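The next block is data-v1.pdb, given as PDB, C-alpha atoms.
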```pdb
MODEL        1
ATOM      1  CA  MET A1224     105.768 130.182  82.613
ATOM      2  CA  SER A1225     109.173 128.555  83.008
ATOM      3  CA  VAL A1226     109.519 125.365  85.017
ATOM      4  CA  PRO A1227     111.784 125.728  88.074
ATOM      5  CA  GLU A1228     115.012 123.810  87.731
ATOM      6  CA  VAL A1229     117.495 122.292  90.125
ATOM      7  CA  THR A1230     121.177 121.530  89.575
ATOM      8  CA  VAL A1231     122.179 117.960  90.324
ATOM      9  CA  ALA A1232     125.289 115.830  90.194
ATOM     10  CA  THR A1233     124.648 112.294  88.942
ATOM     11  CA  SER A1234     126.980 109.334  89.115
ATOM     12  CA  ARG A1235     126.759 105.563  88.678
ATOM     13  CA  LEU A1236     127.883 103.193  91.383
ATOM     14  CA  ASP A1237     127.799  99.461  90.749
ATOM     15  CA  GLY A1238     125.111  99.966  88.120
ATOM     16  CA  VAL A1239     122.952 102.201  90.306
ATOM     17  CA  ALA A1240     122.577 105.890  89.401
ATOM     18  CA  VAL A1241     122.491 108.363  92.278
ATOM     19  CA  SER A1242     121.977 112.118  92.199
ATOM     20  CA  LEU A1243     122.564 114.906  94.664
ATOM     21  CA  ALA A1244     121.132 118.415  94.540
ATOM     22  CA  LEU A1245     123.995 120.870  94.367
ATOM     23  CA  ASP A1246     122.792 123.591  96.717
ATOM     24  CA  GLY A1247     125.956 124.870  98.314
ATOM     25  CA  VAL A1248     128.337 122.563  96.476
ATOM     26  CA  ALA A1249     131.934 123.506  97.097
ATOM     27  CA  ARG A1250     133.816 121.338  94.638
ATOM     28  CA  ILE A1251     134.099 118.058  92.765
ATOM     29  CA  ASP A1252     137.556 116.496  92.890
ATOM     30  CA  ALA A1253     139.372 113.255  92.358
ATOM     31  CA  TRP A1254     139.476 111.049  95.453
ATOM     32  CA  ASP A1255     143.075 111.919  96.357
ATOM     33  CA  ALA A1256     143.597 115.411  94.897
ATOM     34  CA  PRO A1257     143.198 117.231  97.170
ATOM     35  CA  PRO A1258     142.467 114.705  99.904
ATOM     36  CA  ILE A1259     139.512 115.005 102.250
ATOM     37  CA  PRO A1260     140.762 117.009 105.255
ATOM     38  CA  GLU A1261     141.546 115.048 108.400
ATOM     39  CA  GLY A1262     138.504 115.039 110.702
ATOM     40  CA  ALA A1263     136.061 116.131 107.972
ATOM     41  CA  ALA A1264     132.757 114.255 107.658
ATOM     42  CA  TRP A1265     132.621 111.947 104.657
ATOM     43  CA  VAL A1266     130.522 109.096 103.322
ATOM     44  CA  ASP A1267     131.130 106.488 100.651
ATOM     45  CA  ALA A1268     127.943 106.446  98.589
ATOM     46  CA  ALA A1269     128.792 102.997  97.213
ATOM     47  CA  ARG A1270     128.967 101.483 100.682
ATOM     48  CA  LEU A1271     125.651 103.135 101.490
ATOM     49  CA  LEU A1272     124.121 101.319  98.508
ATOM     50  CA  GLY A1273     125.578  98.038  99.698
ATOM     51  CA  ALA A1274     128.431  97.876  97.174
ATOM     52  CA  ALA A1275     132.125  97.477  97.992
ATOM     53  CA  LEU A1276     134.115  99.598  95.536
ATOM     54  CA  PRO A1277     137.714 100.799  95.850
ATOM     55  CA  LEU A1278     138.001 104.516  96.548
ATOM     56  CA  GLU A1279     140.806 105.092  94.073
ATOM     57  CA  GLY A1280     139.777 106.649  90.791
ATOM     58  CA  ARG A1281     136.444 107.882  92.102
ATOM     59  CA  ARG A1282     135.243 111.478  92.447
ATOM     60  CA  VAL A1283     134.502 113.311  95.663
ATOM     61  CA  LEU A1284     131.728 115.851  95.948
ATOM     62  CA  GLY A1285     132.346 118.491  98.592
ATOM     63  CA  LEU A1286     129.173 120.028  99.992
ATOM     64  CA  ALA A1287     129.219 123.237 101.969
ATOM     65  CA  GLY A1288     126.568 123.983 104.574
ATOM     66  CA  ARG A1289     126.284 123.906 108.339
ATOM     67  CA  ALA A1290     129.123 121.394 108.275
ATOM     68  CA  PRO A1291     131.162 120.472 105.198
ATOM     69  CA  LEU A1292     130.447 117.001 103.892
ATOM     70  CA  PHE A1293     132.391 114.931 101.385
ATOM     71  CA  VAL A1294     130.528 112.313  99.383
ATOM     72  CA  VAL A1295     132.519 109.760  97.396
ATOM     73  CA  LEU A1296     130.619 109.045  94.164
ATOM     74  CA  GLY A1297     131.612 107.020  91.088
ATOM     75  CA  GLU A1298     134.384 107.448  88.538
ATOM     76  CA  ALA A1299     132.364 109.975  86.535
ATOM     77  CA  VAL A1300     130.041 112.712  87.747
ATOM     78  CA  ALA A1301     127.673 114.576  85.427
ATOM     79  CA  VAL A1302     126.403 117.969  86.522
ATOM     80  CA  ARG A1303     123.260 119.306  84.878
ATOM     81  CA  ARG A1304     120.088 121.235  85.464
ATOM     82  CA  VAL A1305     116.849 119.288  85.538
ATOM     83  CA  PRO A1306     113.257 120.470  85.849
ATOM     84  CA  LEU A1307     111.838 120.177  89.331
ATOM     85  CA  THR A1308     108.986 118.174  87.810
ATOM     86  CA  ALA A1309     111.474 115.326  87.186
ATOM     87  CA  VAL A1310     111.740 114.774  90.943
ATOM     88  CA  HIS A1311     109.341 112.189  92.386
ATOM     89  CA  PRO A1312     108.840 110.598  95.789
ATOM     90  CA  LEU A1313     109.855 106.991  96.317
ATOM     91  CA  PRO A1314     106.824 104.718  96.095
ATOM     92  CA  ALA A1315     105.338 104.431  99.591
ATOM     93  CA  ILE A1316     106.093 100.715  99.926
ATOM     94  CA  LEU A1317     109.809 101.497  99.422
ATOM     95  CA  SER A1318     110.143 104.552 101.664
ATOM     96  CA  GLN A1319     111.739 102.659 104.552
ATOM     97  CA  ALA A1320     114.226 100.981 102.207
ATOM     98  CA  GLY A1321     115.109 104.440 100.901
ATOM     99  CA  ARG A1322     116.005 105.650 104.375
ATOM    100  CA  ARG A1323     118.692 102.981 104.527
ATOM    101  CA  PHE A1324     120.653 104.732 101.798
ATOM    102  CA  ALA A1325     119.686 108.364 102.471
ATOM    103  CA  CYS A1326     117.368 108.393  99.479
ATOM    104  CA  ALA A1327     114.887 111.246  99.483
ATOM    105  CA  GLY A1328     113.248 110.513  96.147
ATOM    106  CA  LEU A1329     113.679 109.609  92.513
ATOM    107  CA  LEU A1330     114.889 111.668  89.605
ATOM    108  CA  ARG A1331     113.338 110.676  86.316
ATOM    109  CA  GLU A1332     115.998 110.154  83.670
ATOM    110  CA  ASP A1333     115.727 109.547  79.918
ATOM    111  CA  GLU A1334     115.705 105.837  80.737
ATOM    112  CA  GLY A1335     114.527 104.948  84.218
ATOM    113  CA  PHE A1336     115.468 106.805  87.366
ATOM    114  CA  SER A1337     118.359 107.863  89.520
ATOM    115  CA  PHE A1338     118.067 107.831  93.299
ATOM    116  CA  LEU A1339     118.102 111.324  94.765
ATOM    117  CA  LEU A1340     120.223 111.368  97.914
ATOM    118  CA  ASP A1341     119.440 113.794 100.712
ATOM    119  CA  ALA A1342     122.364 115.841 102.028
ATOM    120  CA  ASP A1343     120.982 116.032 105.577
ATOM    121  CA  ALA A1344     120.428 112.276 105.688
ATOM    122  CA  LEU A1345     123.975 111.775 104.367
ATOM    123  CA  ARG A1346     125.323 114.054 107.102
ATOM    124  CA  ALA A1347     123.534 111.879 109.654
ATOM    125  CA  VAL A1348     125.415 108.761 108.530
ATOM    126  CA  ALA A1349     128.757 110.398 107.682
ATOM    127  CA  GLY A1350     131.803 109.641 109.781
ATOM    128  CA  PRO A1351     135.042 111.559 110.368
ATOM    129  CA  ARG A1352     137.980 111.020 108.049
TER     130      ARG A1352
ATOM    131  CA  MET I1277      96.283  95.605  75.969
ATOM    132  CA  ALA I1278      94.068  98.661  75.848
ATOM    133  CA  SER I1279      90.976  96.448  75.636
ATOM    134  CA  LEU I1280      91.729  94.848  79.003
ATOM    135  CA  VAL I1281      92.236  98.235  80.611
ATOM    136  CA  ASP I1282      89.009  99.449  79.078
ATOM    137  CA  ALA I1283      87.200  96.343  80.237
ATOM    138  CA  ALA I1284      88.490  96.795  83.776
ATOM    139  CA  SER I1285      87.368 100.418  83.756
ATOM    140  CA  ALA I1286      83.942  99.476  82.469
ATOM    141  CA  LEU I1287      83.528  96.849  85.165
ATOM    142  CA  ARG I1288      84.656  99.294  87.831
ATOM    143  CA  ALA I1289      81.950 101.646  86.660
ATOM    144  CA  GLN I1290      79.335  98.852  86.675
ATOM    145  CA  THR I1291      80.293  97.866  90.210
ATOM    146  CA  ALA I1292      79.994 101.433  91.397
ATOM    147  CA  GLN I1293      76.532 101.790  89.832
ATOM    148  CA  ALA I1294      75.018  98.534  91.179
ATOM    149  CA  PRO I1295      71.552  99.391  92.552
ATOM    150  CA  GLN I1296      70.949  98.838  96.243
ATOM    151  CA  GLY I1297      68.898  95.795  97.240
ATOM    152  CA  GLU I1298      70.297  93.621  94.458
ATOM    153  CA  LEU I1299      72.883  90.905  94.972
ATOM    154  CA  ALA I1300      76.373  92.300  95.366
ATOM    155  CA  ARG I1301      78.284  92.042  92.124
ATOM    156  CA  SER I1302      82.022  91.474  92.309
ATOM    157  CA  ALA I1303      84.197  92.186  89.331
ATOM    158  CA  LEU I1304      87.538  90.447  89.677
ATOM    159  CA  LEU I1305      90.663  90.637  87.575
ATOM    160  CA  VAL I1306      92.136  87.145  87.317
ATOM    161  CA  CYS I1307      95.877  86.645  86.824
ATOM    162  CA  ARG I1308      98.128  83.621  86.616
ATOM    163  CA  VAL I1309     100.897  83.841  89.200
ATOM    164  CA  GLY I1310     103.356  81.016  89.687
ATOM    165  CA  GLY I1311     100.921  78.659  87.990
ATOM    166  CA  THR I1312      98.100  79.661  90.370
ATOM    167  CA  LEU I1313      95.047  81.673  89.428
ATOM    168  CA  LEU I1314      94.701  84.703  91.666
ATOM    169  CA  ALA I1315      92.237  87.560  91.509
ATOM    170  CA  PHE I1316      91.870  91.099  92.756
ATOM    171  CA  GLU I1317      88.800  93.288  92.993
ATOM    172  CA  ALA I1318      88.709  95.242  89.730
ATOM    173  CA  ASP I1319      88.132  98.531  91.519
ATOM    174  CA  LYS I1320      91.540  98.159  93.154
ATOM    175  CA  VAL I1321      93.270  97.739  89.785
ATOM    176  CA  GLN I1322      94.483 101.020  88.323
ATOM    177  CA  ALA I1323      96.089  99.706  85.160
ATOM    178  CA  ILE I1324      97.586  96.697  83.418
ATOM    179  CA  LEU I1325     101.008  97.344  81.909
ATOM    180  CA  GLU I1326     103.209  95.370  79.592
ATOM    181  CA  SER I1327     106.097  93.973  81.556
ATOM    182  CA  ARG I1328     109.425  95.784  81.219
ATOM    183  CA  PRO I1329     112.730  95.857  83.094
ATOM    184  CA  ALA I1330     112.707  97.765  86.379
ATOM    185  CA  GLU I1331     115.413  99.894  87.968
ATOM    186  CA  PRO I1332     116.696  97.839  90.926
ATOM    187  CA  VAL I1333     116.375  99.517  94.339
ATOM    188  CA  PRO I1334     119.160  98.978  96.905
ATOM    189  CA  HIS I1335     118.299  97.369 100.237
ATOM    190  CA  THR I1336     115.155  95.658  99.046
ATOM    191  CA  PRO I1337     114.285  91.953  99.260
ATOM    192  CA  PRO I1338     114.544  89.749  96.136
ATOM    193  CA  HIS I1339     110.824  89.901  95.382
ATOM    194  CA  VAL I1340     111.119  93.661  94.703
ATOM    195  CA  SER I1341     112.020  93.941  91.018
ATOM    196  CA  GLY I1342     112.541  97.707  91.247
ATOM    197  CA  VAL I1343     110.864 100.857  90.004
ATOM    198  CA  ILE I1344     109.458 101.760  86.612
ATOM    199  CA  THR I1345     107.886 104.899  85.238
ATOM    200  CA  PHE I1346     104.119 105.044  85.596
ATOM    201  CA  GLY I1347     102.197 108.103  84.512
ATOM    202  CA  GLU I1348     104.081 111.114  85.792
ATOM    203  CA  GLY I1349     105.740 109.227  88.625
ATOM    204  CA  ALA I1350     107.305 105.972  89.748
ATOM    205  CA  LEU I1351     105.854 102.567  90.475
ATOM    206  CA  ALA I1352     107.383  99.860  92.641
ATOM    207  CA  VAL I1353     107.235  96.499  90.860
ATOM    208  CA  VAL I1354     107.033  93.242  92.763
ATOM    209  CA  ASP I1355     107.466  89.674  91.521
ATOM    210  CA  LEU I1356     104.268  88.340  93.046
ATOM    211  CA  ALA I1357     105.099  84.657  92.503
ATOM    212  CA  ARG I1358     108.339  85.135  94.398
ATOM    213  CA  PHE I1359     106.679  87.066  97.213
ATOM    214  CA  LEU I1360     103.961  84.449  97.634
ATOM    215  CA  ASN I1361     106.474  81.637  97.227
ATOM    216  CA  LEU I1362     104.514  80.203  94.308
ATOM    217  CA  ALA I1363     107.367  80.149  91.834
ATOM    218  CA  ALA I1364     108.334  76.524  92.586
ATOM    219  CA  GLY I1365     105.065  75.239  91.135
ATOM    220  CA  ALA I1366     105.043  77.497  88.111
ATOM    221  CA  PRO I1367     105.149  76.099  84.593
ATOM    222  CA  GLU I1368     108.036  77.126  82.364
ATOM    223  CA  ARG I1369     107.660  80.733  81.491
ATOM    224  CA  SER I1370     108.035  80.189  77.793
ATOM    225  CA  ASP I1371     106.011  83.190  76.708
ATOM    226  CA  LEU I1372     107.295  86.280  78.432
ATOM    227  CA  ALA I1373     105.316  88.397  75.982
ATOM    228  CA  LEU I1374     102.223  87.567  78.036
ATOM    229  CA  GLU I1375     103.780  88.804  81.265
ATOM    230  CA  ARG I1376     101.988  91.821  82.703
ATOM    231  CA  VAL I1377     102.303  94.254  85.586
ATOM    232  CA  VAL I1378      98.997  94.751  87.368
ATOM    233  CA  VAL I1379      98.905  98.095  89.162
ATOM    234  CA  LEU I1380      97.094  97.572  92.441
ATOM    235  CA  ALA I1381      96.187 100.451  94.771
ATOM    236  CA  ASP I1382      94.389 100.620  98.099
ATOM    237  CA  GLY I1383      94.593 102.718 101.238
ATOM    238  CA  GLY I1384      97.234 105.075  99.889
ATOM    239  CA  LEU I1385      99.551 102.239  98.870
ATOM    240  CA  GLN I1386     100.283 101.190  95.314
ATOM    241  CA  ALA I1387     102.392  98.484  93.698
ATOM    242  CA  GLY I1388     102.874  96.875  90.320
ATOM    243  CA  LEU I1389     102.457  93.109  90.595
ATOM    244  CA  ARG I1390     104.320  91.118  87.975
ATOM    245  CA  CYS I1391     102.112  88.237  86.788
ATOM    246  CA  GLU I1392     102.692  85.540  84.159
ATOM    247  CA  LYS I1393      99.547  86.624  82.360
ATOM    248  CA  VAL I1394      96.218  88.307  82.877
ATOM    249  CA  ALA I1395      93.659  85.561  82.466
ATOM    250  CA  GLY I1396      90.553  87.722  82.241
ATOM    251  CA  ILE I1397      87.753  89.278  84.218
ATOM    252  CA  LEU I1398      85.430  87.236  86.376
ATOM    253  CA  GLU I1399      82.070  88.503  87.547
ATOM    254  CA  HIS I1400      80.482  87.035  90.650
ATOM    255  CA  LEU I1401      77.001  87.684  92.013
ATOM    256  CA  GLY I1402      76.488  87.479  95.754
ATOM    257  CA  ASP I1403      78.966  87.299  98.568
ATOM    258  CA  LEU I1404      82.360  85.908  97.705
ATOM    259  CA  PRO I1405      82.735  82.333  99.037
ATOM    260  CA  ALA I1406      85.231  81.932 101.862
ATOM    261  CA  PRO I1407      88.430  79.976 101.144
ATOM    262  CA  ARG I1408      87.832  76.194 101.200
ATOM    263  CA  GLY I1409      91.453  75.267 101.616
ATOM    264  CA  VAL I1410      91.951  74.212  98.011
ATOM    265  CA  LEU I1411      94.725  76.764  97.561
ATOM    266  CA  GLN I1412      97.547  76.276  99.979
ATOM    267  CA  GLY I1413     100.775  78.044 100.799
ATOM    268  CA  GLU I1414     102.151  79.654 103.917
ATOM    269  CA  ARG I1415     102.821  82.893 102.086
ATOM    270  CA  LEU I1416      99.558  82.857 100.164
ATOM    271  CA  THR I1417      96.832  82.087 102.692
ATOM    272  CA  PRO I1418      97.224  85.231 104.857
ATOM    273  CA  TYR I1419      95.956  87.310 101.908
ATOM    274  CA  LEU I1420      93.328  84.868 100.639
ATOM    275  CA  VAL I1421      89.777  86.132 101.252
ATOM    276  CA  ALA I1422      87.794  83.901  98.881
ATOM    277  CA  GLU I1423      88.019  80.961  96.511
ATOM    278  CA  LEU I1424      85.976  80.661  93.350
ATOM    279  CA  THR I1425      85.878  78.133  90.569
ATOM    280  CA  ASP I1426      85.661  79.152  86.947
ATOM    281  CA  ALA I1427      86.324  77.411  83.652
ATOM    282  CA  GLN I1428      90.062  77.749  84.164
ATOM    283  CA  GLY I1429      90.073  76.239  87.649
ATOM    284  CA  VAL I1430      90.175  77.434  91.232
ATOM    285  CA  VAL I1431      90.735  81.156  91.622
ATOM    286  CA  GLY I1432      92.035  82.624  94.865
ATOM    287  CA  VAL I1433      90.828  86.134  95.635
ATOM    288  CA  LEU I1434      93.396  88.216  97.475
ATOM    289  CA  SER I1435      92.860  91.194  99.775
ATOM    290  CA  ALA I1436      94.516  94.167  98.087
ATOM    291  CA  ALA I1437      94.844  96.055 101.378
ATOM    292  CA  ALA I1438      96.505  93.175 103.235
ATOM    293  CA  LEU I1439      98.811  92.363 100.342
ATOM    294  CA  LEU I1440      99.941  95.962  99.828
ATOM    295  CA  GLU I1441     100.555  96.411 103.555
ATOM    296  CA  ALA I1442     102.693  93.268 103.586
ATOM    297  CA  LEU I1443     104.662  94.472 100.564
ATOM    298  CA  LYS I1444     105.936  97.523 102.447
ATOM    299  CA  VAL I1445     109.675  97.012 102.774
ATOM    300  CA  LYS I1446     110.739  97.246 106.410
ATOM    301  CA  ALA I1447     113.811  99.213 107.378
TER     302      ALA I1447
ENDMDL
END
```

Can I see the file as structure tokens?
Amino acid sequence: MSVPEVTVATSRLDGVAVSLALDGVARIDAWDAPPIPEGAAWVDAARLLGAALPLEGRRVLGLAGRAPLFVVLGEAVAVRRVPLTAVHPLPAILSQAGRRFACAGLLREDEGFSFLLDADALRAVAGPR
Amino acid sequence: MASLVDAASALRAQTAQAPQGELARSALLVCRVGGTLLAFEADKVQAILESRPAEPVPHTPPHVSGVITFGEGALAVVDLARFLNLAAGAPERSDLALERVVVLADGGLQAGLRCEKVAGILEHLGDLPAPRGVLQGERLTPYLVAELTDAQGVVGVLSAAALLEALKVKA
């Protein structure tokens, strides 16, 4: 029996790896080509993690859905399929800390983890461009 | 390493099988934390791991080292000396090879507690003696449920439930 898989985009921001499930992804672009439309909801993932990084040179993930959302990730974004069994909840003592950066869980990587961000939670903290 | 885990498992089993009517037998895992000997009930200890770097977690206080893999999932690792504010009195940590992560679990909560070393297992017959005030510390005493003396010195027994509840990171 094959293990169900999920497609994720993973990027590093200030040494922290974050991943997003790509259900309904529209596109991955450079920060300024094409620009995020005026009035569209967007969120800087680095700021969410507590890091201050310039936007230039970074990649933007456009998510479709009820409302389009643009998430600014790091300078490189890797897209791959991972087994669903690689997804784990945050340890219970850290669940409230996870809410502060829209983290829904952990994705087990070859070495360590990346933090799996939740699109709905990101939409809740996104602001208009 | 495996021998300590095996010993802890064996003591857990002994504790569970203690016949009724006899003196209560406590099996405690003793660790050195910030130069202080602290102990936990062995049946709350799931494993003892070799210390390794943890993945830092954003928006957590400095005592949270991060997360590491544990079994099929993830384990939050805490620098216990830092959390209990015992680090100031600690001897130089010259032998990091002895450092261990004690996996403590109770009431649905679990954490890996980074300790300077695991000092051994202490068995105690009868009720655990209440703290006598030998061990001090604003951050330590709320979790202290007993104090014992063994060959290594005074051992403070901590409540796993109270400690794990306090380790929950608040939003």

What lies within 12 Å of Phe1336 in chain A using all atoms listed in the file, ignoring chain neighbours under 3 positions off, as a count of residues only? 33

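Residue-level contact on chain A: within 7 Å of chain I, counting only C-alpha atoms, the set is Leu1272, His1311, Pro1314, Ala1315, Ile1316, Leu1317, Gln1319, Ala1320, Arg1323, Gly1335 and Phe1336 of chain A.
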
One number please: CA of Arg1328 in chain I to CA of Leu1271 in chain A, in Å, one decimal. 27.0 Å

Output of the PyMOL selection byres ((chain I and resi 1396) around 7), listed as a PyMOL selection string: chain I and resi 1305-1306+1394-1395+1397-1398

What residues come out when you apply the PyMOL selection byres ((chain I and resi 1423-1432) around 9) to this file, written as a ChimeraX atom specification? /I:1306-1307,1312-1316,1395,1398,1400,1404-1411,1420-1422,1433-1434

Export C-alpha atoms of the chosen residues as an mmCIF file, keeping the file's coordinate frame?
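Final output, result_29.cif:
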```cif
data_model
loop_
_atom_site.group_PDB
_atom_site.id
_atom_site.type_symbol
_atom_site.label_atom_id
_atom_site.label_comp_id
_atom_site.auth_asym_id
_atom_site.auth_seq_id
_atom_site.Cartn_x
_atom_site.Cartn_y
_atom_site.Cartn_z
ATOM 1 C CA VAL I 1306 92.136 87.145 87.317
ATOM 2 C CA CYS I 1307 95.877 86.645 86.824
ATOM 3 C CA THR I 1312 98.100 79.661 90.370
ATOM 4 C CA LEU I 1313 95.047 81.673 89.428
ATOM 5 C CA LEU I 1314 94.701 84.703 91.666
ATOM 6 C CA ALA I 1315 92.237 87.560 91.509
ATOM 7 C CA PHE I 1316 91.870 91.099 92.756
ATOM 8 C CA ALA I 1395 93.659 85.561 82.466
ATOM 9 C CA LEU I 1398 85.430 87.236 86.376
ATOM 10 C CA HIS I 1400 80.482 87.035 90.650
ATOM 11 C CA LEU I 1404 82.360 85.908 97.705
ATOM 12 C CA PRO I 1405 82.735 82.333 99.037
ATOM 13 C CA ALA I 1406 85.231 81.932 101.862
ATOM 14 C CA PRO I 1407 88.430 79.976 101.144
ATOM 15 C CA ARG I 1408 87.832 76.194 101.200
ATOM 16 C CA GLY I 1409 91.453 75.267 101.616
ATOM 17 C CA VAL I 1410 91.951 74.212 98.011
ATOM 18 C CA LEU I 1411 94.725 76.764 97.561
ATOM 19 C CA LEU I 1420 93.328 84.868 100.639
ATOM 20 C CA VAL I 1421 89.777 86.132 101.252
ATOM 21 C CA ALA I 1422 87.794 83.901 98.881
ATOM 22 C CA VAL I 1433 90.828 86.134 95.635
ATOM 23 C CA LEU I 1434 93.396 88.216 97.475
#
```

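Counting from CA of Ser1327 in chain I, the distance to CA of Gly1413 in chain I is 25.5 Å.
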
Box in all listed atoms of range 1431-1444 of chain I, axis-aligned, with 8 Å more on each side; write out centre and edge lengths in Å to one decimal as AutoDock Vina command-line options.
```
--center_x 98.3 --center_y 89.3 --center_z 97.6 --size_x 31.2 --size_y 32.4 --size_z 28.0
```

So what does the PyMOL selection byres ((chain A and resi 1245) around 10) actually pick up in this one, as a PyMOL selection string? chain A and resi 1229-1232+1242-1244+1246-1250+1284-1287+1302-1304+1342

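Reported to one decimal place, the separation of CA of Leu1360 in chain I from CA of Ala1318 in chain I is 20.3 Å.
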